[in-house]
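S.K.: Sharing final.cif, mmCIF, C-alpha atoms:
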data_final
#
loop_
_atom_site.label_atom_id
_atom_site.label_comp_id
_atom_site.auth_asym_id
_atom_site.auth_seq_id
_atom_site.Cartn_x
_atom_site.Cartn_y
_atom_site.Cartn_z
CA MET Q 1 62.52 -108.20 -29.30
CA ASP Q 2 64.48 -105.06 -29.94
CA GLY Q 3 66.91 -106.53 -32.46
CA PRO Q 4 68.40 -105.37 -35.75
CA HIS Q 5 65.58 -107.12 -37.66
CA ASP Q 6 63.15 -104.38 -36.57
CA LEU Q 7 64.17 -102.13 -39.45
CA GLY Q 8 61.09 -100.04 -40.20
CA GLY Q 9 61.95 -96.34 -40.23
CA LYS Q 10 65.68 -96.75 -39.50
CA ASP Q 11 67.84 -94.16 -41.24
CA GLY Q 12 71.14 -94.41 -43.05
CA PHE Q 13 70.73 -97.45 -45.30
CA GLY Q 14 71.35 -95.59 -48.55
CA ALA Q 15 69.97 -96.33 -52.02
CA ILE Q 16 68.03 -99.47 -52.88
CA ASP Q 17 69.64 -101.80 -55.41
CA ILE Q 18 66.52 -101.86 -57.57
CA ASP Q 19 67.97 -104.13 -60.28
CA ALA Q 20 68.87 -106.99 -57.95
CA PRO Q 21 67.22 -110.21 -59.19
CA PRO Q 22 65.55 -112.78 -56.89
CA PHE Q 23 68.60 -115.08 -57.02
CA ARG Q 24 72.20 -114.31 -57.97
CA GLU Q 25 73.88 -117.59 -57.09
CA ASP Q 26 72.95 -121.25 -57.38
CA TRP Q 27 73.42 -121.81 -53.66
CA GLU Q 28 70.68 -119.25 -53.00
CA ARG Q 29 68.25 -121.32 -55.07
CA ARG Q 30 69.35 -124.49 -53.29
CA GLN Q 31 68.87 -122.92 -49.85
CA TRP Q 32 65.36 -121.81 -50.79
CA ALA Q 33 64.52 -125.34 -51.92
CA LEU Q 34 66.10 -126.89 -48.81
CA SER Q 35 64.13 -124.60 -46.51
CA LYS Q 36 60.90 -125.76 -48.13
CA ASN Q 37 61.70 -129.47 -48.46
CA VAL Q 38 63.75 -130.67 -45.49
CA PRO Q 39 61.17 -131.73 -42.92
CA SER Q 40 61.29 -130.06 -39.53
CA GLY Q 41 59.93 -130.86 -36.11
CA PRO Q 42 56.98 -129.14 -34.48
CA ASN Q 43 58.39 -125.63 -34.45
CA THR Q 44 56.13 -122.74 -35.44
CA ILE Q 45 56.86 -120.14 -38.11
CA ASP Q 46 57.02 -117.66 -35.22
CA PHE Q 47 59.80 -119.55 -33.42
CA TRP Q 48 61.54 -119.98 -36.79
CA ARG Q 49 61.55 -116.18 -37.22
CA HIS Q 50 62.62 -115.70 -33.60
CA GLY Q 51 65.69 -117.84 -34.34
CA ILE Q 52 66.85 -115.38 -37.00
CA GLU Q 53 66.14 -112.47 -34.65
CA ASN Q 54 68.50 -114.05 -32.11
CA MET Q 55 71.45 -114.57 -34.46
CA ASP Q 56 74.60 -112.50 -33.97
CA HIS Q 57 73.53 -108.93 -34.65
CA ALA Q 58 76.54 -108.00 -36.74
CA ALA Q 59 75.96 -111.16 -38.79
CA TYR Q 60 72.29 -110.26 -39.23
CA LEU Q 61 73.28 -107.00 -40.89
CA THR Q 62 76.12 -108.37 -43.03
CA GLN Q 63 75.41 -112.02 -43.94
CA PRO Q 64 73.68 -112.77 -47.25
CA TYR Q 65 69.92 -113.29 -46.90
CA PHE Q 66 69.91 -117.01 -47.64
CA ILE Q 67 72.88 -117.64 -45.35
CA LYS Q 68 70.74 -116.34 -42.50
CA TRP Q 69 68.16 -118.91 -43.57
CA CYS Q 70 70.82 -121.62 -43.84
CA LEU Q 71 72.18 -120.99 -40.33
CA ASN Q 72 68.65 -120.78 -38.99
CA GLU Q 73 67.56 -124.08 -40.57
CA ILE Q 74 70.59 -125.81 -39.08
CA ALA Q 75 70.21 -124.16 -35.66
CA HIS Q 76 66.53 -125.17 -35.44
CA ARG Q 77 67.26 -128.76 -36.45
CA ILE Q 78 69.96 -129.00 -33.78
CA ASP Q 79 67.52 -127.48 -31.29
CA GLN Q 80 64.94 -130.11 -32.26
CA GLY Q 81 67.45 -132.97 -31.97
CA MET Q 82 67.28 -133.82 -35.69
CA PHE Q 83 70.98 -132.94 -36.20
CA THR Q 84 73.86 -132.76 -33.77
CA MET Q 85 76.44 -129.98 -33.89
CA ASP Q 86 79.10 -132.63 -34.62
CA GLU Q 87 77.14 -133.99 -37.56
CA ILE Q 88 76.85 -130.62 -39.25
CA LEU Q 89 80.48 -129.66 -38.59
CA THR Q 90 81.92 -133.01 -39.68
CA GLY Q 91 79.35 -133.86 -42.36
CA ILE Q 92 79.17 -137.42 -40.99
CA PRO Q 93 75.68 -138.56 -39.95
CA GLU Q 94 75.36 -140.49 -36.69
CA SER Q 95 71.91 -141.78 -37.65
CA ARG Q 96 69.79 -142.06 -40.78
CA THR Q 97 66.12 -141.99 -41.61
CA ASP Q 98 64.81 -145.31 -42.79
CA PRO Q 99 63.64 -145.52 -45.51
CA PRO Q 100 65.42 -142.57 -47.15
CA ALA Q 101 63.32 -139.84 -48.76
CA SER Q 102 62.06 -140.71 -52.23
CA PRO Q 103 62.35 -137.98 -54.86
CA LEU Q 104 59.38 -135.85 -55.84
CA ASP Q 105 58.71 -135.21 -59.51
CA MET Q 106 57.34 -131.91 -60.86
CA GLU Q 107 53.76 -132.92 -60.09
CA GLY Q 108 54.81 -133.85 -56.56
CA THR Q 109 56.58 -130.54 -55.92
CA LEU Q 110 53.62 -128.58 -57.29
CA ALA Q 111 51.33 -130.53 -54.95
CA ARG Q 112 53.69 -129.83 -52.04
CA LEU Q 113 53.63 -126.12 -52.88
CA ARG Q 114 49.81 -126.06 -52.92
CA ALA Q 115 49.63 -128.06 -49.68
CA ASN Q 116 51.74 -125.40 -47.99
CA ASN Q 117 48.76 -123.09 -47.99
CA VAL Q 118 48.48 -122.78 -44.21
CA ASP Q 119 45.32 -121.40 -42.61
CA PHE Q 120 46.17 -119.34 -39.51
CA ARG Q 121 42.57 -118.61 -38.50
CA THR Q 122 41.24 -119.77 -35.14
CA GLN Q 123 37.79 -119.87 -33.55
CA MET Q 124 37.49 -117.21 -30.87
CA ALA Q 125 35.35 -117.71 -27.75
CA THR Q 126 35.45 -114.00 -26.93
CA PRO Q 127 34.00 -111.22 -29.09
CA PRO Q 128 36.39 -108.68 -30.64
CA ALA Q 129 37.15 -105.62 -28.49
CA PHE Q 130 37.30 -103.32 -31.52
CA SER Q 131 35.41 -102.73 -34.76
CA PRO Q 132 36.35 -100.98 -37.99
CA GLY Q 133 36.29 -97.23 -37.41
CA ASP Q 134 37.48 -97.46 -33.79
CA ARG Q 135 40.43 -95.34 -32.70
CA VAL Q 136 43.10 -97.42 -30.97
CA ARG Q 137 46.52 -96.85 -29.45
CA THR Q 138 49.38 -99.35 -29.63
CA LEU Q 139 51.24 -100.35 -26.49
CA ASN Q 140 54.58 -98.70 -25.89
CA THR Q 141 56.20 -101.53 -23.95
CA PRO Q 142 59.33 -103.29 -25.21
CA VAL Q 143 58.90 -107.07 -25.54
CA SER Q 144 61.97 -109.26 -25.02
CA GLY Q 145 60.53 -112.27 -26.84
CA HIS Q 146 59.09 -112.47 -30.34
CA THR Q 147 56.52 -109.85 -31.26
CA ARG Q 148 55.08 -108.47 -34.48
CA LEU Q 149 54.45 -104.93 -33.31
CA PRO Q 150 57.37 -103.05 -34.90
CA SER Q 151 59.03 -100.39 -32.76
CA TYR Q 152 58.11 -97.60 -35.21
CA ALA Q 153 54.41 -98.23 -34.51
CA ARG Q 154 54.61 -98.40 -30.71
CA GLY Q 155 52.66 -95.87 -28.66
CA HIS Q 156 50.77 -94.41 -31.63
CA GLU Q 157 47.12 -93.80 -32.42
CA GLY Q 158 45.46 -95.22 -35.48
CA THR Q 159 42.12 -96.34 -36.88
CA VAL Q 160 40.95 -99.94 -37.18
CA ILE Q 161 40.12 -100.50 -40.86
CA ALA Q 162 39.49 -104.26 -40.77
CA HIS Q 163 38.84 -107.11 -38.33
CA HIS Q 164 40.05 -110.52 -39.51
CA GLY Q 165 38.66 -112.72 -36.72
CA GLY Q 166 40.98 -114.89 -34.67
CA HIS Q 167 44.46 -115.64 -36.04
CA LEU Q 168 47.22 -117.67 -34.36
CA TYR Q 169 49.01 -115.17 -32.14
CA ALA Q 170 52.68 -114.83 -33.14
CA ASP Q 171 53.97 -113.84 -29.71
CA ALA Q 172 52.50 -117.04 -28.20
CA GLY Q 173 53.47 -119.16 -31.23
CA ALA Q 174 57.14 -118.34 -30.66
CA GLN Q 175 56.72 -119.91 -27.21
CA GLY Q 176 55.13 -123.05 -28.62
CA GLU Q 177 51.61 -122.05 -27.74
CA HIS Q 178 48.97 -122.31 -30.48
CA ARG Q 179 46.53 -119.66 -29.37
CA GLY Q 180 44.42 -117.24 -31.35
CA GLU Q 181 43.79 -113.55 -30.76
CA HIS Q 182 41.62 -111.17 -32.72
CA LEU Q 183 43.58 -109.65 -35.58
CA TYR Q 184 42.98 -106.19 -37.04
CA THR Q 185 44.41 -103.97 -39.73
CA VAL Q 186 45.16 -100.59 -38.22
CA GLU Q 187 45.89 -97.50 -40.32
CA PHE Q 188 48.18 -94.76 -38.98
CA THR Q 189 48.66 -91.44 -40.72
CA ALA Q 190 52.16 -90.48 -41.86
CA ALA Q 191 51.70 -87.34 -39.76
CA GLU Q 192 51.16 -89.49 -36.63
CA LEU Q 193 54.10 -91.84 -37.22
CA TRP Q 194 56.63 -89.64 -38.96
CA GLY Q 195 55.51 -86.03 -38.54
CA SER Q 196 55.09 -85.94 -42.31
CA ASP Q 197 52.99 -83.44 -44.29
CA ASP Q 198 52.25 -86.01 -47.01
CA PRO Q 199 48.70 -87.43 -47.12
CA ASP Q 200 50.09 -90.96 -46.76
CA SER Q 201 49.43 -93.74 -44.27
CA ASN Q 202 50.88 -96.96 -42.89
CA CYS Q 203 48.71 -100.05 -42.46
CA LEU Q 204 49.78 -102.83 -40.09
CA ASP Q 205 48.14 -106.11 -39.12
CA LEU Q 206 48.05 -106.12 -35.32
CA TRP Q 207 46.68 -108.53 -32.72
CA GLU Q 208 44.34 -107.34 -30.00
CA PRO Q 209 46.88 -107.62 -27.13
CA TYR Q 210 48.94 -104.89 -28.84
CA LEU Q 211 46.05 -102.42 -28.71
CA VAL Q 212 44.07 -100.30 -26.27
CA ARG Q 213 41.17 -97.98 -26.99
CA ALA Q 214 42.38 -94.46 -27.77
CA MET Y 215 60.49 -130.86 -30.37
CA SER Y 216 61.60 -127.25 -30.38
CA SER Y 217 62.86 -125.76 -27.11
CA TYR Y 218 61.11 -122.42 -27.79
CA ASP Y 219 64.15 -120.87 -26.10
CA GLY Y 220 65.29 -117.87 -28.15
CA LYS Y 221 68.56 -117.50 -26.23
CA LYS Y 222 69.45 -121.12 -26.97
CA LEU Y 223 68.85 -120.46 -30.68
CA GLY Y 224 71.11 -117.44 -30.39
CA ARG Y 225 73.92 -119.59 -28.93
CA LEU Y 226 73.51 -122.19 -31.69
CA HIS Y 227 73.58 -119.45 -34.35
CA ARG Y 228 76.78 -117.96 -32.93
CA HIS Y 229 78.50 -121.33 -32.71
CA LEU Y 230 77.55 -122.23 -36.27
CA HIS Y 231 78.56 -118.83 -37.64
CA SER Y 232 82.03 -119.09 -36.09
CA HIS Y 233 82.67 -122.79 -36.82
CA LEU Y 234 81.21 -123.43 -40.29
CA PRO Y 235 83.37 -122.49 -43.29
CA SER Y 236 82.70 -118.85 -44.23
CA ASP Y 237 82.08 -119.56 -47.93
CA PRO Y 238 78.26 -119.37 -48.36
CA GLU Y 239 78.25 -122.15 -50.94
CA LEU Y 240 79.94 -124.50 -48.45
CA ARG Y 241 77.49 -123.60 -45.72
CA VAL Y 242 74.51 -124.52 -47.87
CA LYS Y 243 76.34 -127.63 -49.05
CA ALA Y 244 76.83 -128.68 -45.40
CA LEU Y 245 73.07 -128.52 -44.81
CA GLU Y 246 72.17 -130.21 -48.08
CA SER Y 247 74.71 -133.04 -47.71
CA LEU Y 248 73.67 -133.86 -44.17
CA ALA Y 249 69.94 -133.70 -44.97
CA VAL Y 250 70.44 -136.02 -47.97
CA GLU Y 251 72.81 -138.36 -46.07
CA LYS Y 252 70.31 -138.65 -43.23
CA GLY Y 253 67.57 -139.51 -45.71
CA LEU Y 254 65.44 -136.44 -44.96
CA VAL Y 255 65.25 -135.20 -48.53
CA ALA Y 256 66.27 -136.46 -51.96
CA GLN Y 257 68.66 -134.33 -53.98
CA GLU Y 258 66.38 -134.73 -57.02
CA THR Y 259 63.55 -133.07 -55.07
CA ILE Y 260 65.76 -130.02 -54.51
CA ASP Y 261 66.57 -129.89 -58.24
CA THR Y 262 62.90 -130.25 -59.19
CA TRP Y 263 61.84 -127.55 -56.71
CA ILE Y 264 64.36 -125.15 -58.24
CA GLU Y 265 63.06 -125.98 -61.72
CA MET Y 266 59.48 -125.40 -60.56
CA TYR Y 267 60.35 -121.97 -59.15
CA SER Y 268 62.15 -120.96 -62.33
CA GLU Y 269 59.55 -122.22 -64.80
CA LYS Y 270 56.11 -122.57 -63.23
CA VAL Y 271 55.93 -120.26 -60.22
CA GLY Y 272 56.63 -116.57 -60.62
CA PRO Y 273 55.15 -113.15 -61.34
CA MET Y 274 53.32 -114.50 -64.41
CA ARG Y 275 50.85 -116.07 -61.98
CA GLY Y 276 50.04 -112.78 -60.28
CA ALA Y 277 49.87 -111.05 -63.67
CA GLN Y 278 47.22 -113.53 -64.84
CA VAL Y 279 45.16 -112.85 -61.71
CA VAL Y 280 45.42 -109.07 -62.20
CA ALA Y 281 44.46 -109.34 -65.88
CA ARG Y 282 41.38 -111.39 -65.02
CA SER Y 283 40.32 -108.80 -62.46
CA TRP Y 284 40.40 -106.23 -65.28
CA THR Y 285 38.32 -108.30 -67.68
CA ASP Y 286 35.91 -110.14 -65.39
CA PRO Y 287 33.98 -107.89 -62.95
CA ALA Y 288 32.62 -110.87 -60.99
CA PHE Y 289 36.14 -112.23 -60.51
CA ARG Y 290 37.34 -108.76 -59.45
CA GLU Y 291 34.69 -108.76 -56.73
CA ARG Y 292 35.76 -112.19 -55.51
CA LEU Y 293 39.41 -111.10 -55.55
CA LEU Y 294 38.76 -107.97 -53.52
CA ALA Y 295 36.53 -109.87 -51.08
CA ASP Y 296 38.95 -112.78 -50.45
CA ALA Y 297 42.02 -112.97 -52.66
CA GLY Y 298 43.29 -116.13 -50.93
CA GLN Y 299 40.15 -117.94 -52.10
CA ALA Y 300 40.00 -116.27 -55.52
CA ILE Y 301 43.48 -117.42 -56.61
CA LYS Y 302 42.46 -121.02 -55.91
CA GLU Y 303 40.41 -120.74 -59.12
CA PHE Y 304 43.81 -120.83 -60.86
CA GLY Y 305 45.39 -123.39 -58.48
CA TYR Y 306 47.92 -120.73 -57.48
CA GLU Y 307 47.58 -121.19 -53.73
CA GLY Y 308 50.58 -122.27 -51.67
CA HIS Y 309 53.20 -120.68 -49.45
CA ALA Y 310 51.87 -117.56 -47.82
CA THR Y 311 48.71 -117.04 -49.86
CA GLU Y 312 45.82 -118.27 -47.67
CA HIS Y 313 45.28 -114.81 -46.19
CA LEU Y 314 46.02 -112.82 -49.33
CA LYS Y 315 44.52 -109.36 -49.65
CA ALA Y 316 44.27 -107.56 -52.98
CA VAL Y 317 44.57 -103.76 -52.82
CA GLU Y 318 43.69 -101.73 -55.91
CA ASN Y 319 45.43 -98.58 -57.08
CA THR Y 320 43.21 -95.73 -58.29
CA SER Y 321 44.01 -92.42 -59.92
CA ASP Y 322 44.53 -90.81 -56.51
CA THR Y 323 45.72 -93.72 -54.34
CA HIS Y 324 48.79 -95.90 -54.54
CA ASN Y 325 49.60 -99.05 -52.58
CA LEU Y 326 53.09 -100.16 -51.57
CA VAL Y 327 53.89 -103.46 -49.83
CA THR Y 328 56.75 -104.26 -47.48
CA CYS Y 329 57.70 -106.39 -44.49
CA THR Y 330 59.82 -104.45 -42.03
CA LEU Y 331 60.34 -107.31 -39.54
CA CYS Y 332 61.42 -110.06 -41.95
CA SER Y 333 60.56 -110.44 -45.63
CA CYS Y 334 57.02 -111.83 -45.90
CA TYR Y 335 55.87 -112.19 -49.52
CA PRO Y 336 53.16 -114.19 -51.35
CA PHE Y 337 55.70 -116.66 -52.78
CA ALA Y 338 53.34 -119.13 -54.44
CA LEU Y 339 51.67 -116.30 -56.36
CA LEU Y 340 54.66 -114.06 -57.25
CA GLY Y 341 57.64 -116.42 -57.00
CA MET Y 342 60.78 -115.60 -55.03
CA SER Y 343 60.88 -111.98 -53.98
CA PRO Y 344 63.37 -109.68 -55.70
CA LEU Y 345 66.50 -109.11 -53.62
CA TRP Y 346 65.68 -105.41 -53.15
CA TYR Y 347 62.39 -106.37 -51.44
CA ARG Y 348 64.41 -108.31 -48.85
CA SER Y 349 67.10 -105.62 -48.56
CA GLN Y 350 67.59 -103.70 -45.34
CA ALA Y 351 67.38 -100.39 -47.26
CA TYR Y 352 63.90 -101.15 -48.64
CA ARG Y 353 62.59 -102.60 -45.36
CA ALA Y 354 63.85 -99.57 -43.42
CA ARG Y 355 62.78 -96.87 -45.87
CA ALA Y 356 59.51 -97.95 -47.53
CA VAL Y 357 57.41 -97.22 -44.43
CA ARG Y 358 59.02 -93.88 -43.65
CA GLU Y 359 59.77 -92.25 -46.99
CA PRO Y 360 57.67 -94.08 -49.59
CA ARG Y 361 57.81 -91.14 -52.03
CA GLU Y 362 61.63 -91.14 -52.01
CA VAL Y 363 61.64 -94.91 -52.46
CA LEU Y 364 59.19 -94.70 -55.36
CA LYS Y 365 61.35 -92.02 -57.01
CA GLU Y 366 64.30 -94.42 -56.97
CA PHE Y 367 62.10 -96.87 -58.86
CA GLY Y 368 61.18 -94.13 -61.36
CA VAL Y 369 57.65 -93.58 -60.00
CA THR Y 370 56.53 -90.03 -59.23
CA LEU Y 371 53.13 -89.41 -57.71
CA PRO Y 372 51.13 -86.19 -57.60
CA ALA Y 373 51.50 -84.54 -54.16
CA THR Y 374 47.74 -84.95 -53.59
CA ALA Y 375 47.74 -88.69 -54.24
CA GLN Y 376 47.69 -90.86 -51.12
CA ILE Y 377 50.11 -93.72 -50.57
CA ARG Y 378 49.11 -96.58 -48.33
CA VAL Y 379 52.12 -98.59 -47.18
CA TRP Y 380 51.17 -102.12 -46.09
CA ASP Y 381 53.58 -103.69 -43.59
CA SER Y 382 53.06 -107.49 -43.56
CA THR Y 383 53.27 -107.89 -39.79
CA ALA Y 384 50.93 -110.92 -39.42
CA GLU Y 385 50.08 -113.76 -41.85
CA LEU Y 386 48.16 -111.56 -44.29
CA ARG Y 387 49.97 -111.02 -47.58
CA TYR Y 388 49.30 -108.28 -50.08
CA LEU Y 389 48.86 -108.12 -53.84
CA VAL Y 390 48.73 -104.67 -55.41
CA VAL Y 391 46.32 -104.52 -58.36
CA PRO Y 392 47.69 -101.85 -60.70
CA GLN Y 393 45.39 -99.78 -62.91
CA ARG Y 394 44.57 -101.09 -66.36
CA PRO Y 395 46.41 -98.90 -68.85
CA ALA Y 396 44.43 -96.80 -71.33
CA GLY Y 397 44.41 -98.00 -74.92
CA THR Y 398 43.90 -101.67 -74.03
CA GLU Y 399 40.15 -101.82 -74.64
CA GLY Y 400 39.18 -105.18 -76.10
CA TRP Y 401 42.48 -106.88 -75.25
CA ASP Y 402 42.23 -110.44 -74.03
CA GLU Y 403 43.45 -111.68 -70.65
CA ASP Y 404 46.75 -113.12 -71.90
CA ALA Y 405 47.71 -109.94 -73.75
CA LEU Y 406 46.84 -107.85 -70.70
CA ALA Y 407 48.78 -110.16 -68.37
CA ARG Y 408 51.94 -109.49 -70.37
CA LEU Y 409 51.74 -105.80 -69.40
CA VAL Y 410 51.69 -106.49 -65.65
CA THR Y 411 55.15 -106.20 -64.08
CA ARG Y 412 56.26 -107.88 -60.89
CA ASN Y 413 57.08 -104.52 -59.31
CA SER Y 414 53.60 -103.19 -60.10
CA MET Y 415 52.14 -105.99 -57.94
CA ILE Y 416 54.39 -104.89 -55.02
CA GLY Y 417 53.79 -101.20 -55.68
CA THR Y 418 57.23 -100.05 -56.85
CA ASP Y 419 55.89 -99.62 -60.39
CA ARG Y 420 52.66 -97.80 -61.24
CA ASP Y 421 51.89 -96.76 -64.82
CA LEU Y 422 52.07 -99.90 -66.92
CA ARG Y 423 53.49 -99.44 -70.40
CA VAL Y 424 51.48 -100.62 -73.38
CA THR Y 425 53.88 -102.42 -75.67
#
Please, can you express the file's structure as structure tokens?
M.R.:
Amino acid sequence: MDGPHDLGGKDGFGAIDIDAPPFREDWERRQWALSKNVPSGPNTIDFWRHGIENMDHAAYLTQPYFIKWCLNEIAHRIDQGMFTMDEILTGIPESRTDPPASPLDMEGTLARLRANNVDFRTQMATPPAFSPGDRVRTLNTPVSGHTRLPSYARGHEGTVIAHHGGHLYADAGAQGEHRGEHLYTVEFTAAELWGSDDPDSNCLDLWEPYLVRA
Amino acid sequence: MSSYDGKKLGRLHRHLHSHLPSDPELRVKALESLAVEKGLVAQETIDTWIEMYSEKVGPMRGAQVVARSWTDPAFRERLLADAGQAIKEFGYEGHATEHLKAVENTSDTHNLVTCTLCSCYPFALLGMSPLWYRSQAYRARAVREPREVLKEFGVTLPATAQIRVWDSTAELRYLVVPQRPAGTEGWDEDALARLVTRNSMIGTDRDLRVT
């Protein structure tokens, strides 16, 4: 979707605060831990990201990073029926899980971290349409739902530099559909994308439905 | 079960943003209290997770991997072939590392990693990302003016050197392997790992200092 999250190449953001540490406040650490430890229903990472993309646009640009996560975690759990809006606004639970969660020790959290190593590959019944070395062009069509083709790379020609086999397709995942598409890394010259004279390039990981032969 | 209705999520977001207290600490507290009260998570687990991410998971993991690639040619080959598999030799796999790709700097190429659409990062290998990596300024600018961005980080490249900017648009994640600094011949892996900075593994640092 054409939201404020699609930031690549946008002008006017000013200098980067290069000294900013990973966390400044305790609540940021707690939100990170909550995001990784409060169980969720069967939503996909793609629909999770699509939730943030749909938040109030002014809030997207001004709210602290982990507050966007916080609002998104709550919104998804209300969507899934795990929380009600009343529960979160009053702080009073209408139902409880039985038995309550038992605490994890350090070994348990390390195991949980390792177990979070998700494999996104899928078996593909169809052969790939492209091979490394092929020239391809990205589609130039706006998508109203979730997509991982950034607007700065739409309608441009590049070269396939890698084929990764089938990977769960983000656009379908955001609609609850677990379906693979061939995934490629495509390299675009800085001249093609930005009209630059520098010898630089941009590499993006793009699914086959985003691409046509150039 | 999720509705998979983006507009519904947008309505929930707006309602929450206008009805929850504006203090960020209270917002997070509202989520934590309800999750604990409902028995979904134990508060001690949250505390332990935070301790794990401050003491056991962080850039020192990536630095160890980079140092081994400098000292062990067979490991370097495995890392370049499939970094997601190679880091399992250390037990460093976890969030966002299964499809890890290692990209090496050379004297005339430089690699820079970003995520323009959100803030994808190989968390289990490098720890929480620095705030600048998640900032709108970095996400907007790294793909378009990487040389200006690198200058702000104190990195200047020769005009003939090529920068490859990797935008993490799918579930692949990237680890930049910086060049081994001169004058470190014979150093062991641990001593070498201490030279590897977090930013050098993202690409906003290049020439490692021998200390």
S.K.: Once the PyMOL selection byres ((chain Y and resi 273-278) around 7) is applied to the coordinates I shared, what remains selected? I want it as an MDAnalysis selection string.
M.R.: chainID Y and resid 271:272 279:282 339:341 407 410 412
S.K.: Residues of chain Y within 6 Å of chain Q: nearest atom pair and distance (Å, one decimal) for each, counting all atoms listed in the file, sorted by chain and number, as a Markdown table?
M.R.:
| residue | atom | partner | partner_atom | distance |
| --- | --- | --- | --- | --- |
| Y:Met215 | CA | Q:Gln80 | CA | 4.9 |
| Y:Ser216 | CA | Q:Gln80 | CA | 4.8 |
| Y:Tyr218 | CA | Q:Gln175 | CA | 5.1 |
| Y:Leu223 | CA | Q:Gly51 | CA | 5.5 |
| Y:Gly224 | CA | Q:Asn54 | CA | 4.6 |
| Y:Leu226 | CA | Q:Ala75 | CA | 5.5 |
| Y:His227 | CA | Q:Met55 | CA | 5.3 |
| Y:Arg228 | CA | Q:Asp56 | CA | 6.0 |
| Y:Glu239 | CA | Q:Trp27 | CA | 5.6 |
| Y:Leu248 | CA | Q:Gly91 | CA | 6.0 |
| Y:Lys252 | CA | Q:Arg96 | CA | 4.2 |
| Y:Gly253 | CA | Q:Pro100 | CA | 4.0 |
| Y:Leu254 | CA | Q:Ala101 | CA | 5.5 |
| Y:Val255 | CA | Q:Ala101 | CA | 5.0 |
| Y:Ala256 | CA | Q:Pro103 | CA | 5.1 |
| Y:Glu258 | CA | Q:Pro103 | CA | 5.6 |
| Y:Thr259 | CA | Q:Pro103 | CA | 5.1 |
| Y:Ile260 | CA | Q:Ala33 | CA | 5.5 |
| Y:Trp263 | CA | Q:Ala33 | CA | 5.9 |
| Y:Glu307 | CA | Q:Arg114 | CA | 5.4 |
| Y:Gly308 | CA | Q:Arg114 | CA | 4.1 |
| Y:His309 | CA | Q:Asn116 | CA | 5.2 |
| Y:Glu312 | CA | Q:Asn117 | CA | 5.7 |
| Y:Thr330 | CA | Q:Gly8 | CA | 4.9 |
| Y:Leu331 | CA | Q:Asp6 | CA | 5.0 |
| Y:Met342 | CA | Q:Pro22 | CA | 5.8 |
| Y:Ser343 | CA | Q:Pro22 | CA | 5.6 |
| Y:Pro344 | CA | Q:Pro22 | CA | 4.0 |
| Y:Leu345 | CA | Q:Pro22 | CA | 5.0 |
| Y:Trp346 | CA | Q:Ile18 | CA | 5.7 |
| Y:Ala351 | CA | Q:Phe13 | CA | 4.9 |
| Y:Arg353 | CA | Q:Gly8 | CA | 6.0 |
| Y:Ala354 | CA | Q:Gly8 | CA | 4.3 |
| Y:Arg355 | CA | Q:Gly9 | CA | 5.7 |
| Y:Arg358 | CA | Q:Gly9 | CA | 5.1 |
| Y:Gln376 | CA | Q:Asp200 | CA | 5.0 |
| Y:Ile377 | CA | Q:Asp200 | CA | 4.7 |
| Y:Arg378 | CA | Q:Ser201 | CA | 5.0 |
| Y:Val379 | CA | Q:Asn202 | CA | 4.8 |
| Y:Trp380 | CA | Q:Cys203 | CA | 4.8 |
| Y:Asp381 | CA | Q:Leu204 | CA | 5.2 |
| Y:Thr383 | CA | Q:Asp205 | CA | 5.5 |
| Y:Ala384 | CA | Q:Asp205 | CA | 5.6 |
S.K.: To one decimal place in Å, what is the distance between CA of Gly158 in chain Q and CA of Tyr210 in chain Q?
M.R.: 12.2 Å
S.K.: To test your reading of the syntax: which residues would the PyMOL selection byres ((chain Q and resi 155) around 9) return for the file shown? Reply as an MDAnalysis selection string.
M.R.: chainID Q and resid 137:141 151:154 156:157
S.K.: Store the residues picked out above, limited to C-alpha atoms, as a PDB file, in the coordinates of the input.
M.R.:
ATOM      1  CA  ARG Q 137      46.520 -96.850 -29.450  1.00  0.00           C
ATOM      2  CA  THR Q 138      49.380 -99.350 -29.630  1.00  0.00           C
ATOM      3  CA  LEU Q 139      51.240-100.350 -26.490  1.00  0.00           C
ATOM      4  CA  ASN Q 140      54.580 -98.700 -25.890  1.00  0.00           C
ATOM      5  CA  THR Q 141      56.200-101.530 -23.950  1.00  0.00           C
ATOM      6  CA  SER Q 151      59.030-100.390 -32.760  1.00  0.00           C
ATOM      7  CA  TYR Q 152      58.110 -97.600 -35.210  1.00  0.00           C
ATOM      8  CA  ALA Q 153      54.410 -98.230 -34.510  1.00  0.00           C
ATOM      9  CA  ARG Q 154      54.610 -98.400 -30.710  1.00  0.00           C
ATOM     10  CA  HIS Q 156      50.770 -94.410 -31.630  1.00  0.00           C
ATOM     11  CA  GLU Q 157      47.120 -93.800 -32.420  1.00  0.00           C
TER      12      GLU Q 157
END
S.K.: At what distance in Å, to one decimal, does CA of His324 in chain Y lie from CA of Trp401 in chain Y?
M.R.: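 Between CA of Trp401 in chain Y and CA of His324 in chain Y the gap is 24.3 Å.
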S.K.: Kindly give the distance, in Å, that separates CA of Gly417 in chain Y and CA of Ala288 in chain Y, rounded to a single decimal.
M.R.: 23.9 Å
S.K.: Which residues would end up in the selection if the PyMOL selection byres ((chain Y and resi 386-395) around 8) were applied here, given that I need the answer as a PyMOL selection string?
M.R.: (chain Q and resi 205) or (chain Y and resi 280+284+310-320+325-327+334-336+380+382-385+396-398+410+414-417+420-424)
S.K.: Taking every listed atom of range 390-398 of chain Y and adding 4 Å to each side, what centre and edge lengths in Å (one decimal) does the axis-aligned box have, as AutoDock Vina command-line options?
M.R.:
--center_x 46.3 --center_y -100.7 --center_z -65.2 --size_x 12.8 --size_y 15.9 --size_z 27.5
